[in-house]
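S.K.: One structure follows; several queries about it will come next.
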Amino acid sequence: MNGGLLFVVTVLGAPGSGFQPVGQRDGVTVYQRKADGIELSAEGDIAAPPSEVLRVLTDYAHHPRWVKSLAESQVIAQREGSLDVYQRLALPMIDDRDFTLHVNWGRDGERAWVRFAAVNERGPAPRRGVVRVNVHEGGWDLLPIDGGRATHAVYRFRIDLAGSFPSWMGRGAAARDVPALFQALRREVAPHH
């Protein structure tokens, strides 16, 4: 089994080993696993087909429009089914964080998926006053429901915000922010649905 396949297998499906529910809001259930940094999973429904949700999720150039705290999202390389994107987070009370992600996506039957992982060597050099994040990986699984008119979305990610930052604080904020991310995604797909 190659490393890429192992990564795909470890991100798929509903929360499993070690994940504990930490909250539910706006039809989104959030789970957390104790780890270095922040590791969360969430699931909820979106009133748009998986193809439309996938279109919005892979439009990284427009993510700052709807993703909270994302100050910059610059696509630096794009190929069929994948891209590299530089992103900078403007977070309250701490220095900005940045990273370059390799993102790929596709379909397995009716299920659409997105995977991402930090590949900072493909992006710009570190900036003064911005903390470089080296651990950031995760993905989305988009399963059709309601005859394909809606999507059951499962989101999972792991990030280490690095620098001087108490990880317990980040875990709490992330657990609150994930339902808001689903709400923003729901609003973003609504005009096109």
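Letters for chains follow the order of the structure tokens (A, B, ...), residue numbers begin at 1 for each chain, and ligand numbers begin at 1 in the order shown.
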Would you kindly return, as JSON, numbers by chain, each protein, DNA or RNA residue with an atom no farther than 6 Å from any atom of segment 41-58 of chain A, considering only C-alpha atoms and excluding same-chain residues fewer than 6 positions away?

M.R.: {"A": [27, 28, 29, 30, 31, 142, 148, 149, 150, 151, 152, 153, 154, 155, 156, 186]}

S.K.: Could those residues be written to a file, using N, CA and C atoms, as an mmCIF file, in the first residue's frame?

M.R.:
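File selection32.cif, as written:
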```cif
data_model
loop_
_atom_site.group_PDB
_atom_site.id
_atom_site.type_symbol
_atom_site.label_atom_id
_atom_site.label_comp_id
_atom_site.auth_asym_id
_atom_site.auth_seq_id
_atom_site.Cartn_x
_atom_site.Cartn_y
_atom_site.Cartn_z
ATOM 1 N N GLY A 27 -27.096 21.380 12.893
ATOM 2 C CA GLY A 27 -27.120 20.121 12.164
ATOM 3 C C GLY A 27 -25.745 19.542 11.872
ATOM 4 N N VAL A 28 -24.720 20.034 12.556
ATOM 5 C CA VAL A 28 -23.347 19.553 12.371
ATOM 6 C C VAL A 28 -22.867 18.962 13.692
ATOM 7 N N THR A 29 -22.409 17.718 13.650
ATOM 8 C CA THR A 29 -21.832 17.074 14.823
ATOM 9 C C THR A 29 -20.320 17.123 14.691
ATOM 10 N N VAL A 30 -19.643 17.594 15.750
ATOM 11 C CA VAL A 30 -18.184 17.741 15.749
ATOM 12 C C VAL A 30 -17.587 16.732 16.710
ATOM 13 N N TYR A 31 -16.509 16.079 16.263
ATOM 14 C CA TYR A 31 -15.786 15.088 17.053
ATOM 15 C C TYR A 31 -14.338 15.540 17.171
ATOM 16 N N LEU A 142 -18.052 13.515 0.302
ATOM 17 C CA LEU A 142 -19.347 14.077 -0.068
ATOM 18 C C LEU A 142 -20.207 12.955 -0.623
ATOM 19 N N GLY A 148 -29.790 12.338 -4.535
ATOM 20 C CA GLY A 148 -28.722 13.087 -5.184
ATOM 21 C C GLY A 148 -28.906 14.592 -5.148
ATOM 22 N N ARG A 149 -30.011 15.061 -4.557
ATOM 23 C CA ARG A 149 -30.276 16.506 -4.496
ATOM 24 C C ARG A 149 -29.560 17.185 -3.333
ATOM 25 N N ALA A 150 -29.033 16.394 -2.396
ATOM 26 C CA ALA A 150 -28.347 16.946 -1.226
ATOM 27 C C ALA A 150 -27.110 16.094 -0.948
ATOM 28 N N THR A 151 -26.303 16.559 0.010
ATOM 29 C CA THR A 151 -25.015 15.936 0.307
ATOM 30 C C THR A 151 -24.876 15.709 1.799
ATOM 31 N N HIS A 152 -24.418 14.527 2.180
ATOM 32 C CA HIS A 152 -23.955 14.290 3.546
ATOM 33 C C HIS A 152 -22.442 14.467 3.488
ATOM 34 N N ALA A 153 -21.943 15.498 4.176
ATOM 35 C CA ALA A 153 -20.523 15.845 4.129
ATOM 36 C C ALA A 153 -19.832 15.406 5.414
ATOM 37 N N VAL A 154 -18.669 14.782 5.266
ATOM 38 C CA VAL A 154 -17.807 14.416 6.388
ATOM 39 C C VAL A 154 -16.489 15.146 6.173
ATOM 40 N N TYR A 155 -16.092 15.936 7.167
ATOM 41 C CA TYR A 155 -14.867 16.743 7.093
ATOM 42 C C TYR A 155 -13.956 16.305 8.223
ATOM 43 N N ARG A 156 -12.690 16.107 7.908
ATOM 44 C CA ARG A 156 -11.731 15.736 8.944
ATOM 45 C C ARG A 156 -10.426 16.472 8.679
ATOM 46 N N ARG A 186 -22.809 26.058 3.163
ATOM 47 C CA ARG A 186 -24.218 25.969 2.754
ATOM 48 C C ARG A 186 -24.668 27.249 2.061
#
```

S.K.: Applying 12 Å and only C-alpha atoms, which residues near Asn120 of chain A remain after dropping the ones on its own chain fewer than 3 positions away? List them as an MDAnalysis selection string.

M.R.: chainID A and resid 76 84:87 98:102 117 123:126 132:136

S.K.: I need the residues in chain A that are strand (DSSP E) according to DSSP; give them as number ranges by chain.

M.R.: A: 20-25, 28-32, 38-46, 70-79, 82-89, 96-108, 111-118, 130-132, 135-145, 150-160

S.K.: Find, counting only C-alpha atoms, the residue in A:Arg88, A:Arg187, A:Pro179, A:Tyr60 that gets nearest to Glu72 of chain A.

M.R.: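 Among the listed residues, the smallest separation from Glu72 of chain A belongs to A:Arg88.
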
S.K.: Please determine, counting only C-alpha atoms, which residue among A:Gly37, A:Gln32, A:Trp66, A:Leu83 has the shortest atom-to-atom distance to Ser17 of chain A.

M.R.: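 That would be A:Gln32, the residue with the smallest distance to Ser17 of chain A.
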
S.K.: Using only C-alpha atoms, which protein or nucleic acid residues come within 6 Å of segment 108-114 of chain A? Drop anything in the same chain fewer than 5 positions from it, and give the result as number ranges by chain.

M.R.: A: 139-143

S.K.: Work out how far apart atom CA of Val189 of chain A and atom CA of Val67 of chain A are and give it in Å to one decimal.

M.R.: 13.1 Å

S.K.: Where in segment 40-191 of chain A does DSSP assign alpha helix (DSSP H), given as a ChimeraX atom specification?

M.R.: /A:50-57,167-189

S.K.: Using only C-alpha atoms, please write the residues we just selected to a file, as a CSV table (one decimal), in the first residue's frame.

M.R.:
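Written file, result-v6.csv:
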```
chain,number,residue,atom,x,y,z
A,50,PRO,CA,-22.1,16.6,-4.2
A,51,SER,CA,-21.0,18.0,-7.5
A,52,GLU,CA,-21.9,21.5,-6.5
A,53,VAL,CA,-20.3,21.2,-3.0
A,54,LEU,CA,-17.2,19.8,-4.7
A,55,ARG,CA,-17.1,22.8,-7.1
A,56,VAL,CA,-17.2,25.3,-4.2
A,57,LEU,CA,-14.6,23.3,-2.1
A,167,SER,CA,-3.3,23.8,21.7
A,168,TRP,CA,-6.2,23.5,24.1
A,169,MET,CA,-7.3,27.0,23.1
A,170,GLY,CA,-7.1,26.1,19.4
A,171,ARG,CA,-9.1,22.8,19.9
A,172,GLY,CA,-11.9,24.7,21.7
A,173,ALA,CA,-12.1,27.4,19.0
A,174,ALA,CA,-11.9,25.0,16.2
A,175,ALA,CA,-14.7,22.9,17.6
A,176,ARG,CA,-16.9,26.0,17.7
A,177,ASP,CA,-15.8,27.2,14.3
A,178,VAL,CA,-16.5,24.0,12.3
A,179,PRO,CA,-20.3,24.3,12.4
A,180,ALA,CA,-19.9,27.9,11.2
A,181,LEU,CA,-17.7,26.6,8.3
A,182,PHE,CA,-20.5,24.2,7.3
A,183,GLN,CA,-23.0,27.1,7.5
A,184,ALA,CA,-20.8,29.3,5.3
A,185,LEU,CA,-20.4,26.4,2.8
A,186,ARG,CA,-24.2,26.0,2.8
A,187,ARG,CA,-24.6,29.7,2.0
A,188,GLU,CA,-22.0,29.5,-0.7
A,189,VAL,CA,-23.7,26.7,-2.6
```

S.K.: What's the separation between atom CA of Ile38 of chain A and atom CA of Asp95 of chain A, in Å to one decimal place?

M.R.: 17.3 Å

S.K.: Just the number, please: distance in Å from atom CA of Pro21 of chain A to atom CA of Leu91 of chain A, one decimal.

M.R.: 24.8 Å
